[in-house]
>>> print(open('protein.txt').read())   # compact mmCIF, C-alpha atoms and all ligand atoms
# COMPACT_ATOMS: atom_id res chain seq x y z
CA MET A 9 15.47 10.48 -13.44
CA ASP A 10 17.53 7.28 -13.53
CA THR A 11 17.24 5.15 -10.37
CA ILE A 12 20.48 3.95 -8.79
CA VAL A 13 20.45 0.50 -7.25
CA THR A 14 23.14 -0.62 -4.83
CA THR A 15 23.58 -2.84 -1.78
CA VAL A 16 24.58 -2.34 1.83
CA GLN A 17 28.35 -2.40 2.56
CA ARG A 18 30.00 -5.84 2.45
CA ALA A 19 27.03 -7.42 0.73
CA SER A 20 26.84 -11.12 -0.14
CA GLU A 21 26.84 -12.27 -3.77
CA ASP A 22 23.13 -13.01 -3.49
CA LEU A 23 22.34 -9.44 -2.47
CA GLU A 24 24.46 -8.06 -5.32
CA LYS A 25 22.61 -10.35 -7.73
CA LYS A 26 19.28 -9.16 -6.36
CA ALA A 27 20.34 -5.50 -6.74
CA LYS A 28 21.42 -6.10 -10.36
CA THR A 29 18.11 -7.82 -11.16
CA ILE A 30 16.16 -4.89 -9.67
CA ALA A 31 18.29 -2.38 -11.63
CA ASP A 32 17.57 -4.31 -14.86
CA LYS A 33 13.84 -4.43 -14.13
CA LEU A 34 13.67 -0.70 -13.40
CA LYS A 35 16.00 0.14 -16.30
CA GLY A 36 18.13 1.86 -13.66
CA THR A 37 21.86 1.79 -12.94
CA TYR A 38 23.51 -0.79 -10.68
CA LEU A 39 26.48 0.62 -8.74
CA GLU A 40 28.76 -1.35 -6.46
CA ARG A 41 28.42 0.16 -3.00
CA SER A 42 32.13 0.97 -2.80
CA ARG A 43 31.71 3.20 -5.90
CA LEU A 44 28.84 5.16 -4.42
CA LYS A 45 29.99 8.06 -2.29
CA GLY A 46 27.36 9.68 -0.06
CA ILE A 47 23.90 8.33 -0.76
CA SER A 48 22.16 11.36 0.72
CA SER A 49 23.91 13.72 -1.72
CA CYS A 50 22.50 11.85 -4.77
CA GLU A 51 19.74 13.68 -6.62
CA ALA A 52 18.46 10.47 -8.14
CA PRO A 53 16.46 7.95 -6.09
CA VAL A 54 18.76 5.30 -4.59
CA LEU A 55 17.53 1.83 -3.72
CA VAL A 56 19.75 0.05 -1.19
CA VAL A 57 19.28 -3.71 -1.10
CA ALA A 58 19.88 -5.24 2.33
CA LYS A 59 19.21 -8.65 3.85
CA GLU A 60 16.28 -7.15 5.81
CA GLY A 61 14.68 -5.54 2.74
CA ILE A 62 15.07 -2.60 0.37
CA ASN A 63 15.56 1.00 1.53
CA LEU A 64 14.76 3.89 -0.77
CA HIS A 65 16.65 7.17 -0.31
CA TYR A 66 15.05 10.08 -2.11
CA ASN A 67 14.46 13.78 -1.48
CA ASP A 68 16.12 13.61 1.96
CA GLU A 69 13.69 10.88 3.00
CA LYS A 70 14.37 7.22 3.70
CA PHE A 71 11.54 4.84 2.90
CA PHE A 72 11.29 1.15 3.74
CA PHE A 73 8.66 -1.47 4.51
CA HIS A 74 7.58 -1.56 8.13
CA PRO A 75 4.38 -3.27 9.16
CA SER A 76 4.07 -1.34 12.45
CA MET A 77 0.73 0.38 11.65
CA ALA A 78 -0.80 -2.89 10.50
CA MET A 79 0.66 -4.73 13.50
CA LEU A 80 -1.01 -2.30 15.92
CA ARG A 81 -4.38 -2.92 14.27
CA ILE A 82 -3.86 -6.68 14.01
CA LYS A 83 -2.86 -6.88 17.70
CA ARG A 84 -6.06 -5.02 18.65
CA ILE A 85 -8.14 -7.43 16.55
CA MET A 86 -6.42 -10.35 18.28
CA LYS A 87 -7.47 -8.84 21.63
CA GLY A 88 -11.10 -8.90 20.43
CA GLU A 89 -11.41 -5.26 19.33
CA LYS A 90 -13.29 -4.48 16.12
CA ASP A 91 -11.26 -3.10 13.21
CA ILE A 92 -12.80 -0.30 11.12
CA PHE A 93 -13.11 -2.72 8.16
CA ASN A 94 -15.25 -5.07 10.29
CA THR A 95 -17.34 -2.13 11.54
CA ILE A 96 -18.08 -1.22 7.92
CA CYS A 97 -18.36 -4.66 6.28
CA GLY A 98 -19.02 -7.10 9.15
CA ASP A 99 -17.38 -10.53 8.94
CA ILE A 100 -15.21 -10.64 5.81
CA ARG A 101 -13.59 -14.06 6.24
CA GLY A 102 -13.11 -15.67 2.81
CA TYR A 103 -13.59 -12.39 0.91
CA SER A 104 -11.47 -11.31 -2.03
CA VAL A 105 -10.33 -7.70 -1.68
CA LEU A 106 -8.92 -5.40 -4.34
CA ASP A 107 -6.81 -2.70 -2.65
CA CYS A 108 -6.37 -0.17 -5.47
CA THR A 109 -3.86 2.00 -3.56
CA MET A 110 -1.27 -0.19 -1.82
CA GLY A 111 1.14 2.54 -0.56
CA PHE A 112 2.87 1.09 2.52
CA GLY A 113 0.70 -2.02 2.37
CA SER A 114 -0.80 -1.49 5.86
CA ASP A 115 -4.45 -1.68 4.81
CA SER A 116 -3.66 -4.67 2.58
CA LEU A 117 -2.11 -6.46 5.58
CA VAL A 118 -5.13 -5.78 7.79
CA PHE A 119 -7.51 -6.95 5.05
CA SER A 120 -5.35 -10.02 4.55
CA TYR A 121 -5.54 -10.83 8.28
CA LEU A 122 -9.33 -10.38 8.31
CA VAL A 123 -10.13 -12.41 5.17
CA GLU A 124 -8.00 -15.29 6.55
CA GLU A 125 -6.52 -18.05 4.43
CA LEU A 126 -9.66 -18.69 2.38
CA GLY A 127 -9.73 -15.08 1.22
CA CYS A 128 -7.21 -13.10 -0.79
CA VAL A 129 -6.01 -9.54 -1.32
CA THR A 130 -4.85 -8.03 -4.61
CA ALA A 131 -2.87 -4.83 -4.04
CA LEU A 132 -2.07 -2.32 -6.79
CA GLU A 133 0.56 0.42 -6.71
CA ILE A 134 1.23 2.69 -9.67
CA ASN A 135 4.60 4.07 -8.52
CA THR A 136 7.39 1.69 -9.43
CA LEU A 137 9.74 2.67 -6.57
CA ILE A 138 7.06 2.43 -3.88
CA TYR A 139 5.96 -0.85 -5.43
CA THR A 140 9.52 -2.27 -5.47
CA VAL A 141 10.13 -1.50 -1.78
CA ILE A 142 6.74 -2.62 -0.45
CA SER A 143 6.19 -5.71 -2.59
CA ASP A 144 9.67 -6.92 -1.56
CA GLY A 145 8.82 -6.18 2.09
CA LEU A 146 5.61 -8.16 1.83
CA LYS A 147 7.56 -11.15 0.50
CA ASN A 148 10.17 -11.23 3.28
CA SER A 149 9.69 -13.03 6.54
CA TYR A 150 10.03 -11.28 9.92
CA PRO A 151 11.11 -13.25 13.00
CA LYS A 152 9.46 -10.71 15.36
CA TRP A 153 6.11 -10.49 13.55
CA ASP A 154 4.63 -13.96 13.30
CA GLU A 155 1.11 -12.64 12.73
CA ILE A 156 2.34 -10.68 9.70
CA ASN A 157 4.28 -13.63 8.29
CA ALA A 158 1.23 -15.85 8.40
CA THR A 159 -1.20 -13.29 7.03
CA LYS A 160 0.68 -11.79 4.10
CA MET A 161 0.81 -15.09 2.22
CA ASN A 162 -2.53 -14.29 0.58
CA ILE A 163 -1.53 -10.86 -0.81
CA ARG A 164 -0.69 -10.56 -4.49
CA THR A 165 0.89 -7.27 -5.56
CA TYR A 166 0.98 -5.62 -8.99
CA ASN A 167 2.79 -2.50 -10.20
CA LEU A 168 -0.28 -1.26 -12.05
CA ASP A 169 -2.62 1.68 -12.38
CA TYR A 170 -6.05 0.93 -10.90
CA HIS A 171 -7.76 2.49 -13.93
CA SER A 172 -6.41 -0.14 -16.32
CA TYR A 173 -6.69 -2.94 -13.76
CA LEU A 174 -10.37 -2.18 -13.03
CA ASP A 175 -11.04 -2.07 -16.78
CA SER A 176 -9.50 -5.54 -17.14
CA CYS A 177 -11.58 -7.09 -14.32
CA THR A 178 -14.75 -9.04 -14.98
CA GLU A 179 -17.97 -7.98 -13.24
CA LYS A 180 -18.23 -8.95 -9.57
CA SER A 181 -14.76 -10.47 -9.59
CA HIS A 182 -13.92 -9.09 -6.10
CA ASP A 183 -16.05 -8.81 -2.96
CA ILE A 184 -14.53 -5.48 -1.88
CA VAL A 185 -12.85 -2.74 -3.91
CA TYR A 186 -10.95 -0.29 -1.68
CA PHE A 187 -9.36 3.11 -2.36
CA ASP A 188 -7.14 5.17 -0.06
CA PRO A 189 -5.88 7.94 -2.37
CA MET A 190 -3.41 10.65 -1.37
CA PHE A 191 -5.54 13.43 0.13
CA ASP A 192 -5.89 16.70 -1.79
CA GLU A 193 -4.74 18.53 1.32
CA PRO A 194 -2.61 16.28 3.55
CA LEU A 195 -3.46 15.99 7.24
CA THR A 196 -0.65 17.44 9.35
CA GLU A 197 -0.63 14.32 11.53
CA SER A 198 -0.08 11.97 8.56
CA VAL A 199 3.70 12.20 8.96
CA HIS A 200 4.00 8.47 8.22
CA LEU A 201 3.20 9.36 4.57
CA ASP A 202 6.04 11.93 4.30
CA PRO A 203 8.57 9.46 2.86
CA ILE A 204 6.31 8.66 -0.11
CA ARG A 205 4.71 12.06 -0.64
CA ALA A 206 7.17 13.12 -3.37
CA LEU A 207 6.70 9.87 -5.29
CA ALA A 208 3.07 8.89 -4.76
CA GLN A 209 0.50 9.44 -7.50
CA LYS A 210 -1.87 12.20 -6.38
CA ASP A 211 -4.74 12.15 -8.87
CA GLN A 212 -8.19 12.21 -7.29
CA LEU A 213 -11.02 9.72 -7.66
CA THR A 214 -13.77 10.36 -10.20
CA VAL A 215 -17.39 9.22 -10.57
CA GLU A 216 -16.28 7.10 -13.55
CA VAL A 217 -13.75 5.18 -11.43
CA ILE A 218 -16.30 4.61 -8.64
CA ASP A 219 -18.92 3.45 -11.19
CA ARG A 220 -16.40 0.98 -12.62
CA ALA A 221 -15.49 -0.19 -9.09
CA LYS A 222 -19.22 -0.77 -8.39
CA MET A 223 -19.27 -3.18 -11.34
CA VAL A 224 -16.10 -5.00 -10.28
CA ALA A 225 -17.13 -5.36 -6.61
CA SER A 226 -19.91 -7.68 -5.53
CA LYS A 227 -20.39 -6.44 -1.94
CA PHE A 228 -18.65 -3.14 -1.09
CA VAL A 229 -16.76 -0.22 -2.55
CA ILE A 230 -14.95 1.67 0.20
CA VAL A 231 -13.18 5.02 -0.12
CA LYS A 232 -11.03 6.57 2.61
CA ASN A 233 -10.56 10.34 2.79
CA ARG A 234 -10.53 13.36 5.08
CA VAL A 235 -13.57 13.93 7.30
CA ASP A 236 -14.36 17.13 5.34
CA TYR A 237 -14.17 15.39 1.93
CA ASP A 238 -17.29 15.62 -0.26
CA PHE A 239 -18.15 11.96 -0.96
CA ASN A 240 -21.44 12.96 -2.65
CA LYS A 241 -19.52 14.22 -5.68
CA LEU A 242 -18.48 10.60 -6.29
CA GLY A 243 -22.08 9.37 -5.95
CA ILE A 244 -21.35 7.99 -2.46
CA TYR A 245 -24.02 8.84 0.13
CA GLU A 246 -23.18 6.58 3.10
CA THR A 247 -20.18 7.50 5.23
CA PHE A 248 -18.67 6.37 8.49
CA SER A 249 -16.23 8.08 10.79
CA LYS A 250 -15.12 7.31 14.34
CA SER A 251 -15.96 10.16 16.70
CA SER A 252 -13.24 12.84 16.71
CA SER A 253 -11.42 11.12 13.81
CA LYS A 254 -10.11 13.25 10.97
CA ILE A 255 -10.70 10.35 8.58
CA LYS A 256 -13.99 9.30 6.99
CA TYR A 257 -14.93 6.25 4.93
CA GLY A 258 -17.34 6.47 2.00
CA ILE A 259 -19.28 3.22 1.61
CA VAL A 260 -21.22 1.76 -1.30
CA ARG A 261 -23.17 -1.42 -0.41
CA LEU A 262 -23.95 -3.59 -3.43
C1 LIG A 301 -2.33 7.13 0.82
S1 LIG A 301 -1.37 5.96 -0.01
C2 LIG A 301 -2.14 4.44 0.46
C3 LIG A 301 -1.76 3.98 1.81
C4 LIG A 301 -2.20 2.57 2.07
N1 LIG A 301 -3.63 2.45 2.15
C5 LIG A 301 -1.55 1.99 3.30
O1 LIG A 301 -2.27 1.43 4.15
O2 LIG A 301 -0.33 2.06 3.42
C6 LIG A 301 -1.91 6.05 -1.69
C7 LIG A 301 -1.07 5.21 -2.64
O3 LIG A 301 -1.85 4.96 -3.82
C8 LIG A 301 -1.01 5.07 -4.95
N2 LIG A 301 -1.86 5.39 -6.14
C9 LIG A 301 -2.41 6.59 -6.45
N3 LIG A 301 -3.07 6.52 -7.62
C10 LIG A 301 -2.96 5.23 -8.06
C11 LIG A 301 -3.43 4.54 -9.21
N4 LIG A 301 -4.11 5.18 -10.18
N5 LIG A 301 -3.17 3.21 -9.31
C12 LIG A 301 -2.46 2.56 -8.34
N6 LIG A 301 -1.94 3.19 -7.24
C13 LIG A 301 -2.19 4.50 -7.09
C14 LIG A 301 -0.05 6.19 -4.59
O4 LIG A 301 1.13 6.17 -5.39
C15 LIG A 301 0.20 5.90 -3.10
O5 LIG A 301 1.30 5.04 -2.91
>>> encode(input="protein.txt", output="structure tokens", more="lines below")
Ligand SMILES: C[S@@+](CC[C@H](N)C(=O)[O-])C[C@H]1O[C@@H](n2cnc3c(N)ncnc32)[C@H](O)[C@@H]1O
Amino acid sequence: MDTIVTTVQRASEDLEKKAKTIADKLKGTYLERSRLKGISSCEAPVLVVAKEGINLHYNDEKFFFHPSMAMLRIKRIMKGEKDIFNTICGDIRGYSVLDCTMGFGSDSLVFSYLVEELGCVTALEINTLIYTVISDGLKNSYPKWDEINATKMNIRTYNLDYHSYLDSCTEKSHDIVYFDPMFDEPLTESVHLDPIRALAQKDQLTVEVIDRAKMVASKFVIVKNRVDYDFNKLGIYETFSKSSSKIKYGIVRL
């Protein structure tokens, strides 16, 4: 389905230019906002370019970049609490991380905060619309979120499939390779994922992908999934879960 790209009402010339560039890139249709009647009645996905970022309207859902989940975790780390990634990997300052499933970019932001300026994060997202919204959000600057502004400078994003990206990587080119796929059966409390559920790629991890990730990573491969997920079928035998959490992490130490 063709994507429609427009702007907010009374947009500046710069915003209109940005919307046209995005429409060209996505091979979608640019429509002046005054010509678009009722965004919510459109069947096609509609990207609305605003000064604050890009909003995606699709399937009765509105989707935009918001670093709130990452901010909560980063604020806890600043208070001296241990993030789950530190519990699993220890001190990761200076590490290079490959986040194979960017989604909202929250895990990428937390990794980026933890690896600090000497480290870097490469984030991959296969869905072009999710990628467009989140990669733009990660580029913008937010007056209220100084910690996010400073940290996201070391994140590079690519609209790519992790299968082909992992195949193109040399051995041990990243310290950590991380996967957070869409769960086979969604958790009812994961409402934050609702806006991307219709768009997100849902294929499940395979032993072949994990074996390839083990070659690309030099220190850890980490997989996030439900607490009842069978990690053994991927050849992963170490797991970690916080008590009473519905989430578990599969860990391969290299
Ligand atoms: C559960 S979300 C990830 C959430 C993310 N960890 C966060 O913190 O916001 C999974 C994302 O991975 C993407 N994805 C699934 N398969 C992929 C693939 N083969 N290559 C790249 N991205 C993929 C989906 O489209 C979806 O946006």
>>> closest_residue(input="protein.txt", among="A:Leu213, A:Ser172, A:Ser20, A:Leu137", to="A:Lys59", atoms="all atoms listed in the file")
A:Ser20
>>> closest_residue(input="protein.txt", among="A:Leu122, A:Leu207, A:Ile259, A:Ile163", to="A:Ile134", atoms="only C-alpha atoms")
A:Leu207
>>> residues_around(input="protein.txt", residues="stretch 251-255 of chain A", least_positions_apart="3", cutoff="10 Å", atoms="all atoms listed in the file", output="PyMOL selection string")
chain A and resi 195+197+232-237+248
>>> residues_near_ligand(input="protein.txt", ligand="ligand LIG 301 (chain A)", cutoff="8 Å", atoms="all atoms listed in the file", output="PyMOL selection string")
chain A and resi 78+107-116+132-135+138-139+167-171+187-191+201+204+207-212
>>> closest_residue(input="protein.txt", among="A:Ile230, A:Leu117, A:Val56, A:Ile244", to="A:Cys97", atoms="all atoms listed in the file")
A:Ile230
>>> closest_residue(input="protein.txt", among="A:Ile96, A:Thr130, A:Lys83, A:Tyr186", to="A:Asp154", atoms="only C-alpha atoms")
A:Lys83
>>> closest_residue(input="protein.txt", among="A:Thr140, A:Asp192, A:Asp183, A:Arg84", to="A:Cys128", atoms="all atoms listed in the file")
A:Asp183
>>> atom_distance(input="protein.txt", atom1="atom CA of A:Leu44", atom2="atom CA of A:Arg18")
13.0 Å
>>> build_atoms(input="protein.txt", residues="stretch 39-50 of chain A", atoms="all heavy atoms", output="PDB file, in the frame of the given file")
ATOM      1  N   LEU A  39      25.143   0.133  -9.134  1.00  0.00           N
ATOM      2  CA  LEU A  39      26.480   0.620  -8.740  1.00  0.00           C
ATOM      3  C   LEU A  39      26.960  -0.192  -7.550  1.00  0.00           C
ATOM      4  O   LEU A  39      26.216  -0.354  -6.578  1.00  0.00           O
ATOM      5  CB  LEU A  39      26.398   2.083  -8.313  1.00  0.00           C
ATOM      6  CG  LEU A  39      26.493   3.176  -9.370  1.00  0.00           C
ATOM      7  CD1 LEU A  39      26.503   4.541  -8.691  1.00  0.00           C
ATOM      8  CD2 LEU A  39      27.737   3.032 -10.223  1.00  0.00           C
ATOM      9  N   GLU A  40      28.193  -0.690  -7.647  1.00  0.00           N
ATOM     10  CA  GLU A  40      28.760  -1.350  -6.460  1.00  0.00           C
ATOM     11  C   GLU A  40      28.800  -0.345  -5.331  1.00  0.00           C
ATOM     12  O   GLU A  40      29.117   0.828  -5.560  1.00  0.00           O
ATOM     13  CB  GLU A  40      30.189  -1.798  -6.765  1.00  0.00           C
ATOM     14  CG  GLU A  40      30.257  -3.213  -7.264  1.00  0.00           C
ATOM     15  CD  GLU A  40      31.659  -3.576  -7.694  1.00  0.00           C
ATOM     16  OE1 GLU A  40      32.618  -3.152  -7.001  1.00  0.00           O
ATOM     17  OE2 GLU A  40      31.778  -4.261  -8.716  1.00  0.00           O
ATOM     18  N   ARG A  41      28.524  -0.783  -4.111  1.00  0.00           N
ATOM     19  CA  ARG A  41      28.420   0.160  -3.000  1.00  0.00           C
ATOM     20  C   ARG A  41      29.715   0.949  -2.798  1.00  0.00           C
ATOM     21  O   ARG A  41      29.690   2.144  -2.510  1.00  0.00           O
ATOM     22  CB  ARG A  41      28.029  -0.591  -1.722  1.00  0.00           C
ATOM     23  CG  ARG A  41      27.857   0.284  -0.507  1.00  0.00           C
ATOM     24  CD  ARG A  41      26.787   1.361  -0.793  1.00  0.00           C
ATOM     25  NE  ARG A  41      26.745   2.349   0.258  1.00  0.00           N
ATOM     26  CZ  ARG A  41      25.931   2.315   1.291  1.00  0.00           C
ATOM     27  NH1 ARG A  41      25.057   1.334   1.382  1.00  0.00           N
ATOM     28  NH2 ARG A  41      25.960   3.235   2.193  1.00  0.00           N
ATOM     29  N   SER A  42      30.850   0.276  -3.030  1.00  0.00           N
ATOM     30  CA  SER A  42      32.130   0.970  -2.800  1.00  0.00           C
ATOM     31  C   SER A  42      32.305   2.131  -3.790  1.00  0.00           C
ATOM     32  O   SER A  42      33.102   3.047  -3.544  1.00  0.00           O
ATOM     33  CB  SER A  42      33.280  -0.019  -2.937  1.00  0.00           C
ATOM     34  OG  SER A  42      33.188  -0.643  -4.194  1.00  0.00           O
ATOM     35  N   ARG A  43      31.564   2.113  -4.910  1.00  0.00           N
ATOM     36  CA  ARG A  43      31.710   3.200  -5.900  1.00  0.00           C
ATOM     37  C   ARG A  43      30.726   4.344  -5.655  1.00  0.00           C
ATOM     38  O   ARG A  43      30.718   5.340  -6.355  1.00  0.00           O
ATOM     39  CB  ARG A  43      31.492   2.641  -7.313  1.00  0.00           C
ATOM     40  CG  ARG A  43      32.610   1.710  -7.755  1.00  0.00           C
ATOM     41  CD  ARG A  43      32.396   1.252  -9.179  1.00  0.00           C
ATOM     42  NE  ARG A  43      32.143   2.344 -10.094  1.00  0.00           N
ATOM     43  CZ  ARG A  43      31.382   2.236 -11.181  1.00  0.00           C
ATOM     44  NH1 ARG A  43      30.790   1.096 -11.467  1.00  0.00           N
ATOM     45  NH2 ARG A  43      31.211   3.272 -11.971  1.00  0.00           N
ATOM     46  N   LEU A  44      29.860   4.145  -4.656  1.00  0.00           N
ATOM     47  CA  LEU A  44      28.840   5.160  -4.420  1.00  0.00           C
ATOM     48  C   LEU A  44      29.200   5.986  -3.181  1.00  0.00           C
ATOM     49  O   LEU A  44      29.152   5.498  -2.049  1.00  0.00           O
ATOM     50  CB  LEU A  44      27.479   4.468  -4.207  1.00  0.00           C
ATOM     51  CG  LEU A  44      26.256   5.362  -4.160  1.00  0.00           C
ATOM     52  CD1 LEU A  44      26.065   6.072  -5.492  1.00  0.00           C
ATOM     53  CD2 LEU A  44      25.017   4.533  -3.845  1.00  0.00           C
ATOM     54  N   LYS A  45      29.576   7.212  -3.420  1.00  0.00           N
ATOM     55  CA  LYS A  45      29.990   8.060  -2.290  1.00  0.00           C
ATOM     56  C   LYS A  45      28.806   8.918  -1.855  1.00  0.00           C
ATOM     57  O   LYS A  45      28.247   9.664  -2.643  1.00  0.00           O
ATOM     58  CB  LYS A  45      31.137   8.996  -2.705  1.00  0.00           C
ATOM     59  CG  LYS A  45      32.303   8.264  -3.352  1.00  0.00           C
ATOM     60  CD  LYS A  45      33.345   7.847  -2.307  1.00  0.00           C
ATOM     61  CE  LYS A  45      34.504   7.113  -2.938  1.00  0.00           C
ATOM     62  NZ  LYS A  45      34.352   5.671  -3.074  1.00  0.00           N
ATOM     63  N   GLY A  46      28.399   8.799  -0.621  1.00  0.00           N
ATOM     64  CA  GLY A  46      27.360   9.680  -0.060  1.00  0.00           C
ATOM     65  C   GLY A  46      25.998   9.532  -0.690  1.00  0.00           C
ATOM     66  O   GLY A  46      25.654  10.284  -1.612  1.00  0.00           O
ATOM     67  N   ILE A  47      25.228   8.578  -0.191  1.00  0.00           N
ATOM     68  CA  ILE A  47      23.900   8.330  -0.760  1.00  0.00           C
ATOM     69  C   ILE A  47      23.006   9.561  -0.643  1.00  0.00           C
ATOM     70  O   ILE A  47      22.271   9.905  -1.572  1.00  0.00           O
ATOM     71  CB  ILE A  47      23.243   7.125  -0.033  1.00  0.00           C
ATOM     72  CG1 ILE A  47      23.925   5.840  -0.488  1.00  0.00           C
ATOM     73  CG2 ILE A  47      21.747   7.055  -0.311  1.00  0.00           C
ATOM     74  CD1 ILE A  47      23.420   4.604   0.149  1.00  0.00           C
ATOM     75  N   SER A  48      23.095  10.259   0.505  1.00  0.00           N
ATOM     76  CA  SER A  48      22.160  11.360   0.720  1.00  0.00           C
ATOM     77  C   SER A  48      22.436  12.549  -0.214  1.00  0.00           C
ATOM     78  O   SER A  48      21.563  13.387  -0.425  1.00  0.00           O
ATOM     79  CB  SER A  48      22.205  11.812   2.186  1.00  0.00           C
ATOM     80  OG  SER A  48      23.539  12.027   2.546  1.00  0.00           O
ATOM     81  N   SER A  49      23.639  12.606  -0.813  1.00  0.00           N
ATOM     82  CA  SER A  49      23.910  13.720  -1.720  1.00  0.00           C
ATOM     83  C   SER A  49      23.455  13.422  -3.156  1.00  0.00           C
ATOM     84  O   SER A  49      23.553  14.283  -4.031  1.00  0.00           O
ATOM     85  CB  SER A  49      25.390  14.083  -1.690  1.00  0.00           C
ATOM     86  OG  SER A  49      26.144  12.950  -2.045  1.00  0.00           O
ATOM     87  N   CYS A  50      22.965  12.200  -3.414  1.00  0.00           N
ATOM     88  CA  CYS A  50      22.500  11.850  -4.770  1.00  0.00           C
ATOM     89  C   CYS A  50      21.176  12.540  -5.051  1.00  0.00           C
ATOM     90  O   CYS A  50      20.284  12.542  -4.206  1.00  0.00           O
ATOM     91  CB  CYS A  50      22.247  10.350  -4.886  1.00  0.00           C
ATOM     92  SG  CYS A  50      23.727   9.397  -5.023  1.00  0.00           S
TER      93      CYS A  50
END
